[in-house]
Amino acid sequence: MLEIDDLHVTVDGKEILKGITLSIPAGQVHAVMGPNGSGKSTLSYTLAGREGYQVTRGRILYRGEDLTALAPEERAAKGVFLALQYPVEIPGVVTLTFLKTALNAQRRAQGLPEFDALRTLKLVREKAATLRIGEDMLRRPLNAGFSGGEKKRMEILQMALFEPKLAILDETDSGLDIDALKLVAEGVNMLRSPDRAMLVITHYQRLLSYIVPDRVHVLAGGRIVKSGGADLALELEKSGYEGVEAA
Amino acid sequence: MTAHPFKLDSQPNMFREDFSRHSAELPGAGLAWLDARRRAAMDAFDRTGVPTRRVEAWKYTDLANALESDLVPASRFEGEIAFDDAFGARGGAQLLLADGFLHSATGTDGMELVDLAALGSQTPAWVEEHLGRMAAGAAQPLGAASLGLMRGGVALRVHGTRSLHLHFARSAGAQDSVSHGRVLIVVEDGASLRLTETHTGGGASESLVNLGIELVLKENAKLEHIRIQSETARTLHVTSLGASLARDAEYRALYAAMGARLSRMDVNLNLAAPGAHATLHNVAVLSAGIADVTTVMDHAAPHTTSRQLFKSVVGGCGRSVNQGRVTVRKGANKADSHQLFKALLLSPRAEVDAKPELEIFADDVVCGHGTAIGALDADALFYLRARGIPENEAKGLLIRAFLADAIEDFGDETLRDALGKRLDDALDVVERVAP
Amino acid sequence: MAAVRETTERVADLAGEKYKYGFVTDIEMVRSERGLNEDIIRYISAKKIEPEWMLQWRLEAFERWKEMTEPNWARVHYPKIDYQNIYYYAAPKSQGDRPQNLEDVDPKLLETYKKLGIPLSEQKLLAGVAVDAVFDSVSVATTFKAKLTEAGVIFCPISEAIRDYPDLVKKYLGSVVPVTDNFFATLNSAVFSDGTFVYVPKGVRCPMELSTYFRINASDTGQFERTLIIADEGSYVSYLEGCTAPKRDQNQLHAAVVELVALDRAEIKYSTVQNWYPGDEEGKGGIYNFVTKRGDCRGKGSKISWTQVETGSAITWKYPSCILRGDDSTGEFYSIAITNNYQQADTGTKMIHLGKNTRSRIISKGIAAGRAQNTYRGLVSVHPRAENARNHTQCDSLLIGGNCGAHTVPYIEARNPTAKLEHEATTSKISDDQLFYCRQRGIPEEEAVALIVNGFCRDVLQQLPMEFAVEAQKLVGISLEGSVG
């Protein structure tokens, strides 16, 4: 599904990712863990195509196609979804309107007929129910005044709605209490499927107790310094990042 | 907003006349650079003359109309005059200026000091470089006149860390007079100055204090400027201040206006290089007359920041005028500016006028302003009274609390105490005249 | 908000069709001579078959105008206007005797309005909206007159009102905007051609939305419409105007005067969707929109609410204001002003608090893109007798690109200690974070900008009558085309 090969990325002229190689087959969940400043968010923004994240070397192959030249919306339409660490507030734009605009923009790009208001509403309600997102939240401007937990649930709702092929979750656990965390993890787990790959980026092991990954990679200083199975996360929890970085 | 090219026809232009008659006798006459700057300044002044309300920037403060008599230029006063040393605990240099002339100076070691009344051929290069470059254009017409007609004043150059108290006093002259004085302060690279500026006095005759101040902050320079202006009801006072801030320079100012028939603080700050920052607080407490603070905050370079907070307490028939324009020039991205005007109106005859203005030519900016005008919060007042505090005392508490955040981060304890006492005196008057 | 969806859909639909109202109707016209003098004014007055008092009113205004100078305090720049090189009157020849019913209206005119999306046949009209259609200097048709008459509402061209309701017109015309109020208002008083007159009698809630659609068609012609709306005690009316003009390389002058009078407990809601031709990408052509609009809350407990969506015109100079004279009266101003390319707008409001317990509210959203300059200028003034006056002002500006300017110039004057005035203003750009977020969810950049800007304008869009909110949202998107990337 996703093949990252020797990826170098600079931001404001400074090299942040210094040669990342990573492969996630369809149906698998990989976790990338690392301390602050290791390049985790840079990796997620680069995959989503944010401006200012300059790929200087290497490539990103997604379903056999090089993504690096594509605009963020083109990647999204091809099934790349990034759940942001800090979901953005868009004042005045009602959540439901936003969801419908995004859904139909993607469908348009995919050559599919657009959904009308009723159809969208039905679909959104269906997905929202499992995440305990009520009608009132859908009627409010997107993320404006949402609590941390509400914002993260809204991200997962969008993931459920757009049914991406590659989902990247950037520190989805940050700022969540245990109940919210469980709810979000449940939502993610429901979306695990044989034709979907996921990349879970996190600082702590905590989230990985609920979303159990197939592989764990440790990112430090812009490189993957260690890879292993799900138990690597537990190991890190005990020994911390220092030991790994030293290695 | 550009000023209308409006010329006074109705009123004889006494400043132009003064210049025509006396320009050859003014200090430094014959110095080509100074003659040229004085002439340019008078030309700039002529574009408005003494401003009336028809000049947009003077819309709320009609100076021409406030001038009642013909004013003669003040001459040097040679007698004894007291220094206001309530703020003395800051130590450092103490300069006394009487009627716009340097009268005495102590503790100026480590500073370069030039008496502007005695400018001659041996004038230091730094004075020539800077004097009359700011607060002398058409945007500050009185500043232009203060340069064109400058009779006295001081220029100072500061290295290292220093503190300076400039006290402006008035001799009790019987004649209606005007003083055109200038102050130039150059704070060198990395130097730091704490400046206290006090204005008191004024007699029973009408007088116009017309002061032009130039502040040059070089790279990394820091200047804390505390100004306290409290003059008699026959005084008209205009200070035109120009400041330019080089890279990473910081200007922090607190201006307090507590009396005069008309006072105008006409400020033009130029944030000329990245990292420059200005904090500007103004406090006005008045029960009569006009206290006007008008600022232009010019973000001329990227990554410049400014914060402005104006607070006024107005009782009696006082009028508080608050104008602040923030300009962000094209390309000055990441400019970050905020200004907040708050006013308490305590009497049916009191008035507050506010004109906060944003003029933005760059897109990557965060700029805002807020204004809130009203009476004391009735809920808070009730709460205090319900706790047994008599109404007047409760009001006093709330008014002082209202002013507190504009003052608290400035100066040292002695200075804040002294300022607090002056404010208390002014507030007492406000409360007495309030209905 | 289904409308936002449609906005974004329409933006995609209309790519490359930036100003779809730019066509010219080829129709035979009757015109005055070029230029302005007493004879021209007599000509206009005669064309309108006006009574003598009206002619005198005009001539007096003209005398005063000759002594006035054009204001120059606004932040707008344009070459000097040659007032002697304008046609002050132009009308389709076929309108010589204004047809009394729609069947007799020149089919070319009907076709024009149909093309503009304003079908004048009552069957096809939006249910519940009566339309007065003004084409250059004359009203060509007014719909639903019968139904309105039944309710006692007068809705007719002002030229007709001058003849048929002289007492009402004499009493109120010029009572809100005095003849010599300002240069453009005085000019209008001398040469105004057509516009709408509305009178809603005591206690009547106008049964439908009233609307005027202004169209400039003829070249080198100024449009000087005059609108007068009177809401008598306890009445209510909602009125909307729309404006378009052909694409031309020359600038054209539009100097209107609108006067509103609300008596005791009356309410007037006045909405504008202004889409005059803005000029091309190089700043060539476009309308000079120099308009004086003022409402007088003359009665106790009256209310006047202005809502404007200003997307067109090369230059907009306009300050719809409220004089809050009646005790307990309320004034509102909701504005969206979008400038792109070389457009300039200097717009805002005045809220003059004279009565006790008067309230005002201002929400202004300014958007500048391209090389445009966008200024909010507003006055809130509380007079000494205006006990307990309240104002809240929110003024937000959005900049798109580094070559435009957004300016905020509020004047706040308080002369009563019981006043409570709050003003807030912000200036920023569309955040990179918002834009990236939308694009990550698959929304293309230009559509994302339209979406975010519509969100930014939401508080104002919500004030528009439903039928027009949709149209306005589309306009927001279209006006900003080409502003990103």
# chains A, B, ... in the order shown; residues from 1 in each chain; ligands from 1
>>> closest_atom_pairs(of="chain A", to="chain C", cutoff="10 Å", atoms="only C-alpha atoms", output="tab-separated table")
residue	atom	partner	partner_atom	distance
A:Tyr45	CA	C:Gln440	CA	9.7
A:Ala48	CA	C:Gln440	CA	6.6
A:Gly49	CA	C:Gln440	CA	8.1
A:Arg50	CA	C:Phe436	CA	6.6
A:Glu51	CA	C:Phe436	CA	8.3
A:Ala71	CA	C:Arg439	CA	8.1
A:Pro72	CA	C:Gln440	CA	5.1
A:Glu73	CA	C:Gly442	CA	3.9
A:Glu74	CA	C:Gly442	CA	6.6
A:Arg75	CA	C:Gly442	CA	7.5
A:Ala76	CA	C:Gly442	CA	4.8
A:Ala77	CA	C:Gly442	CA	5.5
A:Lys78	CA	C:Gly442	CA	8.9
A:Gly79	CA	C:Gly442	CA	9.2
A:Val80	CA	C:Gln440	CA	8.3
A:Phe81	CA	C:Gln440	CA	7.0
A:Leu82	CA	C:Gln440	CA	7.1
A:Ala83	CA	C:Gln440	CA	9.3
A:Leu84	CA	C:Tyr437	CA	8.4
A:Tyr86	CA	C:Asp433	CA	9.7
A:Pro87	CA	C:Tyr437	CA	7.8
A:Val88	CA	C:Gln434	CA	6.0
A:Glu89	CA	C:Gln434	CA	7.3
A:Ile90	CA	C:Gln434	CA	6.6
A:Pro91	CA	C:Gly455	CA	5.9
A:Gly92	CA	C:Gly455	CA	3.7
A:Val93	CA	C:Gly455	CA	4.4
A:Val94	CA	C:Met1	CA	7.1
A:Thr95	CA	C:Met1	CA	9.6
A:Leu96	CA	C:Met1	CA	8.1
A:Thr97	CA	C:Met1	CA	6.2
A:Phe98	CA	C:Leu451	CA	8.1
A:Leu99	CA	C:Arg441	CA	8.7
A:Lys100	CA	C:Arg5	CA	7.5
A:Thr101	CA	C:Arg5	CA	6.1
A:Ala102	CA	C:Ile443	CA	5.4
A:Leu103	CA	C:Gly442	CA	7.6
A:Asn104	CA	C:Ile443	CA	8.7
A:Ala105	CA	C:Ile443	CA	5.6
A:Gln106	CA	C:Gly442	CA	5.4
A:Arg107	CA	C:Gly442	CA	9.1
A:Arg108	CA	C:Gly442	CA	9.8
A:Ala109	CA	C:Gly442	CA	8.5
A:Asp116	CA	C:Ala2	CA	9.8
A:Ala117	CA	C:Ala2	CA	7.4
A:Arg139	CA	C:Met1	CA	9.0
A:Pro141	CA	C:Gly455	CA	8.3
A:Leu142	CA	C:Gly455	CA	9.8
A:Gln158	CA	C:Arg441	CA	8.4
A:Met159	CA	C:Arg441	CA	9.4
A:Phe162	CA	C:Arg441	CA	8.5
>>> select_by_dssp(residues="range 83-191 of chain A", states="strand (DSSP E or B)", output="short mmCIF file (atom, residue, chain, number, x, y, z; two decimals) with N, CA and C atoms, in the first residue's frame")
data_model
loop_
_atom_site.label_atom_id
_atom_site.label_comp_id
_atom_site.auth_asym_id
_atom_site.auth_seq_id
_atom_site.Cartn_x
_atom_site.Cartn_y
_atom_site.Cartn_z
N ALA A 83 -5.33 12.22 10.14
CA ALA A 83 -6.01 12.76 11.31
C ALA A 83 -4.99 13.61 12.05
N VAL A 94 -20.36 25.33 9.16
CA VAL A 94 -21.06 24.29 9.90
C VAL A 94 -20.47 22.91 9.56
N PRO A 141 -20.23 25.11 14.06
CA PRO A 141 -19.10 25.32 13.17
C PRO A 141 -17.97 24.33 13.49
N LEU A 166 -5.37 4.70 2.98
CA LEU A 166 -4.25 4.87 3.89
C LEU A 166 -4.63 5.92 4.93
N ALA A 167 -4.67 5.49 6.18
CA ALA A 167 -5.02 6.43 7.24
C ALA A 167 -3.79 6.68 8.11
N ILE A 168 -3.49 7.96 8.30
CA ILE A 168 -2.35 8.33 9.14
C ILE A 168 -2.93 9.05 10.37
N LEU A 169 -2.62 8.52 11.54
CA LEU A 169 -3.16 9.13 12.75
C LEU A 169 -2.02 9.77 13.52
N ASP A 170 -1.98 11.11 13.50
CA ASP A 170 -0.88 11.83 14.13
C ASP A 170 -1.23 12.18 15.57
#
>>> residues_around(residues="Asp214 in chain A", least_positions_apart="5", cutoff="7 Å", atoms="only C-alpha atoms", output="NGL selection string")
:A and (28-30 or 229-230)
>>> write_last_selection(atoms="N, CA and C atoms", output="PDB file, in the first residue's frame")
ATOM      1  N   GLN A  28      -2.449  -3.872   7.229  1.00  0.00           N
ATOM      2  CA  GLN A  28      -1.608  -3.775   8.425  1.00  0.00           C
ATOM      3  C   GLN A  28      -1.685  -2.417   9.091  1.00  0.00           C
ATOM      4  N   VAL A  29      -1.415  -2.457  10.398  1.00  0.00           N
ATOM      5  CA  VAL A  29      -1.293  -1.217  11.150  1.00  0.00           C
ATOM      6  C   VAL A  29       0.140  -1.112  11.647  1.00  0.00           C
ATOM      7  N   HIS A  30       0.806  -0.019  11.246  1.00  0.00           N
ATOM      8  CA  HIS A  30       2.161   0.224  11.746  1.00  0.00           C
ATOM      9  C   HIS A  30       2.148   1.422  12.675  1.00  0.00           C
ATOM     10  N   GLY A 229       8.055  -5.909  16.584  1.00  0.00           N
ATOM     11  CA  GLY A 229       6.638  -6.230  16.711  1.00  0.00           C
ATOM     12  C   GLY A 229       5.980  -5.352  17.754  1.00  0.00           C
ATOM     13  N   ALA A 230       4.749  -5.714  18.097  1.00  0.00           N
ATOM     14  CA  ALA A 230       3.963  -4.909  19.036  1.00  0.00           C
ATOM     15  C   ALA A 230       4.662  -4.785  20.386  1.00  0.00           C
TER      16      ALA A 230
END
>>> atom_distance(atom1="CA of Ser147 in chain A", atom2="CA of Leu208 in chain A")
22.7 Å
>>> residues_around(residues="Gly152 in chain C", least_positions_apart="3", cutoff="10 Å", atoms="only C-alpha atoms", output="PyMOL selection string")
chain C and resi 146-149+155+199-202+204+206
>>> write_last_selection(atoms="C-alpha atoms", output="mmCIF file, in the first residue's frame")
data_model
loop_
_atom_site.group_PDB
_atom_site.id
_atom_site.type_symbol
_atom_site.label_atom_id
_atom_site.label_comp_id
_atom_site.auth_asym_id
_atom_site.auth_seq_id
_atom_site.Cartn_x
_atom_site.Cartn_y
_atom_site.Cartn_z
ATOM 1 C CA ALA C 146 -52.576 44.472 -6.886
ATOM 2 C CA LYS C 147 -51.783 42.185 -4.028
ATOM 3 C CA LEU C 148 -49.888 44.893 -2.201
ATOM 4 C CA THR C 149 -52.612 47.459 -2.757
ATOM 5 C CA PHE C 155 -44.957 50.071 -3.818
ATOM 6 C CA TYR C 199 -45.261 53.274 2.164
ATOM 7 C CA VAL C 200 -46.458 50.709 4.658
ATOM 8 C CA PRO C 201 -49.487 51.935 6.586
ATOM 9 C CA LYS C 202 -50.054 51.721 10.327
ATOM 10 C CA VAL C 204 -49.441 46.504 8.461
ATOM 11 C CA CYS C 206 -46.034 43.877 4.435
#
>>> interface_residues(of="chain B", to="chain C", cutoff="7 Å", atoms="only C-alpha atoms", output="count of residues only")
31
>>> residues_around(residues="Lys152 in chain A", least_positions_apart="4", cutoff="7 Å", atoms="only C-alpha atoms", output="list in words")
Gly148, Ile156 and Thr172 of chain A
>>> atom_distance(atom1="CA of Gln308 in chain C", atom2="CA of Ile478 in chain C")
16.7 Å
>>> residues_around(residues="range 187-190 of chain A", least_positions_apart="2", cutoff="9 Å", atoms="only C-alpha atoms", output="JSON, numbers by chain")
{"A": [130, 131, 153, 156, 157, 159, 160, 182, 183, 184, 185, 192, 193, 210, 211, 212]}
>>> write_last_selection(atoms="C-alpha atoms", output="compact mmCIF listing (two decimals), in the first residue's frame")
# COMPACT_ATOMS: atom_id res chain seq x y z
CA THR A 130 -20.97 4.81 16.93
CA LEU A 131 -18.66 7.66 17.93
CA ARG A 153 -13.78 12.02 17.55
CA ILE A 156 -12.30 9.65 13.32
CA LEU A 157 -15.80 10.37 12.04
CA MET A 159 -12.06 8.88 8.50
CA ALA A 160 -15.09 6.62 8.72
CA LYS A 182 -10.99 4.09 24.36
CA LEU A 183 -13.80 5.56 22.30
CA VAL A 184 -11.40 6.81 19.65
CA ALA A 185 -9.49 3.53 19.59
CA ARG A 192 -9.23 -1.90 10.35
CA SER A 193 -9.70 -3.88 7.20
CA TYR A 210 -5.94 -0.31 22.38
CA ILE A 211 -4.86 -0.21 18.76
CA VAL A 212 -2.47 -3.12 18.59
>>> closest_residue(among="A:Val200, A:Ala220, A:Ala180, A:Val124", to="Ile20 in chain A", atoms="only C-alpha atoms")
A:Ala220
>>> residues_around(residues="Glu206 in chain B", least_positions_apart="6", cutoff="9 Å", atoms="only C-alpha atoms", output="PyMOL selection string")
chain B and resi 67-69+71+174-178+233-236
>>> select_by_dssp(residues="range 55-235 of chain A", states="helix (DSSP H, G or I)", output="PyMOL selection string")
chain A and resi 72-77+95-109+117-130+135-139+148-162+178-190+206-209+231-235
>>> write_last_selection(atoms="C-alpha atoms", output="compact mmCIF listing (two decimals), in the first residue's frame")
# COMPACT_ATOMS: atom_id res chain seq x y z
CA PRO A 72 -3.09 17.67 -0.71
CA GLU A 73 -6.61 17.45 -2.16
CA GLU A 74 -5.45 15.09 -4.89
CA ARG A 75 -3.90 12.78 -2.32
CA ALA A 76 -7.07 12.95 -0.25
CA ALA A 77 -9.19 11.99 -3.25
CA THR A 95 -19.62 20.80 10.41
CA LEU A 96 -22.24 19.11 8.30
CA THR A 97 -21.61 21.52 5.43
CA PHE A 98 -17.92 20.90 5.68
CA LEU A 99 -18.37 17.12 5.64
CA LYS A 100 -20.62 17.28 2.63
CA THR A 101 -18.32 19.64 0.75
CA ALA A 102 -15.33 17.41 1.39
CA LEU A 103 -17.19 14.18 0.64
CA ASN A 104 -18.50 15.48 -2.66
CA ALA A 105 -15.20 17.06 -3.65
CA GLN A 106 -13.61 13.65 -3.22
CA ARG A 107 -16.40 11.90 -5.05
CA ARG A 108 -16.15 14.39 -7.88
CA ALA A 109 -12.42 13.77 -8.15
CA ALA A 117 -28.05 16.72 1.38
CA LEU A 118 -30.35 13.97 2.57
CA ARG A 119 -28.11 11.13 1.57
CA THR A 120 -25.12 12.81 3.21
CA LEU A 121 -27.02 13.48 6.39
CA LYS A 122 -28.09 9.87 6.62
CA LEU A 123 -24.56 8.63 6.07
CA VAL A 124 -23.06 11.05 8.57
CA ARG A 125 -25.64 10.20 11.21
CA GLU A 126 -24.96 6.52 10.80
CA LYS A 127 -21.22 6.92 11.31
CA ALA A 128 -21.65 9.52 14.03
CA ALA A 129 -23.78 7.28 16.20
CA THR A 130 -20.97 4.81 16.93
CA GLU A 135 -26.71 16.16 16.07
CA ASP A 136 -25.79 19.37 17.91
CA MET A 137 -22.10 18.86 17.20
CA LEU A 138 -22.85 18.44 13.51
CA ARG A 139 -24.72 21.73 13.47
CA GLY A 148 -10.14 18.01 22.80
CA GLY A 149 -12.02 14.72 22.82
CA GLU A 150 -14.75 16.04 20.51
CA LYS A 151 -12.18 17.23 18.01
CA LYS A 152 -10.47 13.84 17.91
CA ARG A 153 -13.78 12.02 17.55
CA MET A 154 -14.63 14.36 14.68
CA GLU A 155 -11.39 13.30 12.98
CA ILE A 156 -12.30 9.65 13.32
CA LEU A 157 -15.80 10.37 12.04
CA GLN A 158 -14.29 11.89 8.92
CA MET A 159 -12.06 8.88 8.50
CA ALA A 160 -15.09 6.62 8.72
CA LEU A 161 -16.95 8.79 6.24
CA PHE A 162 -14.23 9.08 3.60
CA ILE A 178 -8.85 7.33 29.18
CA ASP A 179 -12.54 7.15 28.27
CA ALA A 180 -12.11 9.35 25.22
CA LEU A 181 -9.06 7.36 24.24
CA LYS A 182 -10.99 4.09 24.36
CA LEU A 183 -13.80 5.56 22.30
CA VAL A 184 -11.40 6.81 19.65
CA ALA A 185 -9.49 3.53 19.59
CA GLU A 186 -12.74 1.61 19.16
CA GLY A 187 -13.57 3.79 16.21
CA VAL A 188 -10.19 3.15 14.66
CA ASN A 189 -10.35 -0.58 15.25
CA MET A 190 -13.68 -0.78 13.50
CA ARG A 206 -0.71 3.91 25.85
CA LEU A 207 -2.68 4.14 22.60
CA LEU A 208 -1.05 0.97 21.30
CA SER A 209 -2.66 -1.07 24.06
CA ASP A 231 6.08 -5.75 22.07
CA LEU A 232 8.68 -3.17 21.07
CA ALA A 233 6.28 -0.52 22.26
CA LEU A 234 6.11 -2.08 25.71
CA GLU A 235 9.85 -2.34 25.80
>>> atom_distance(atom1="CA of Asn340 in chain C", atom2="CA of Ile315 in chain C")
11.2 Å
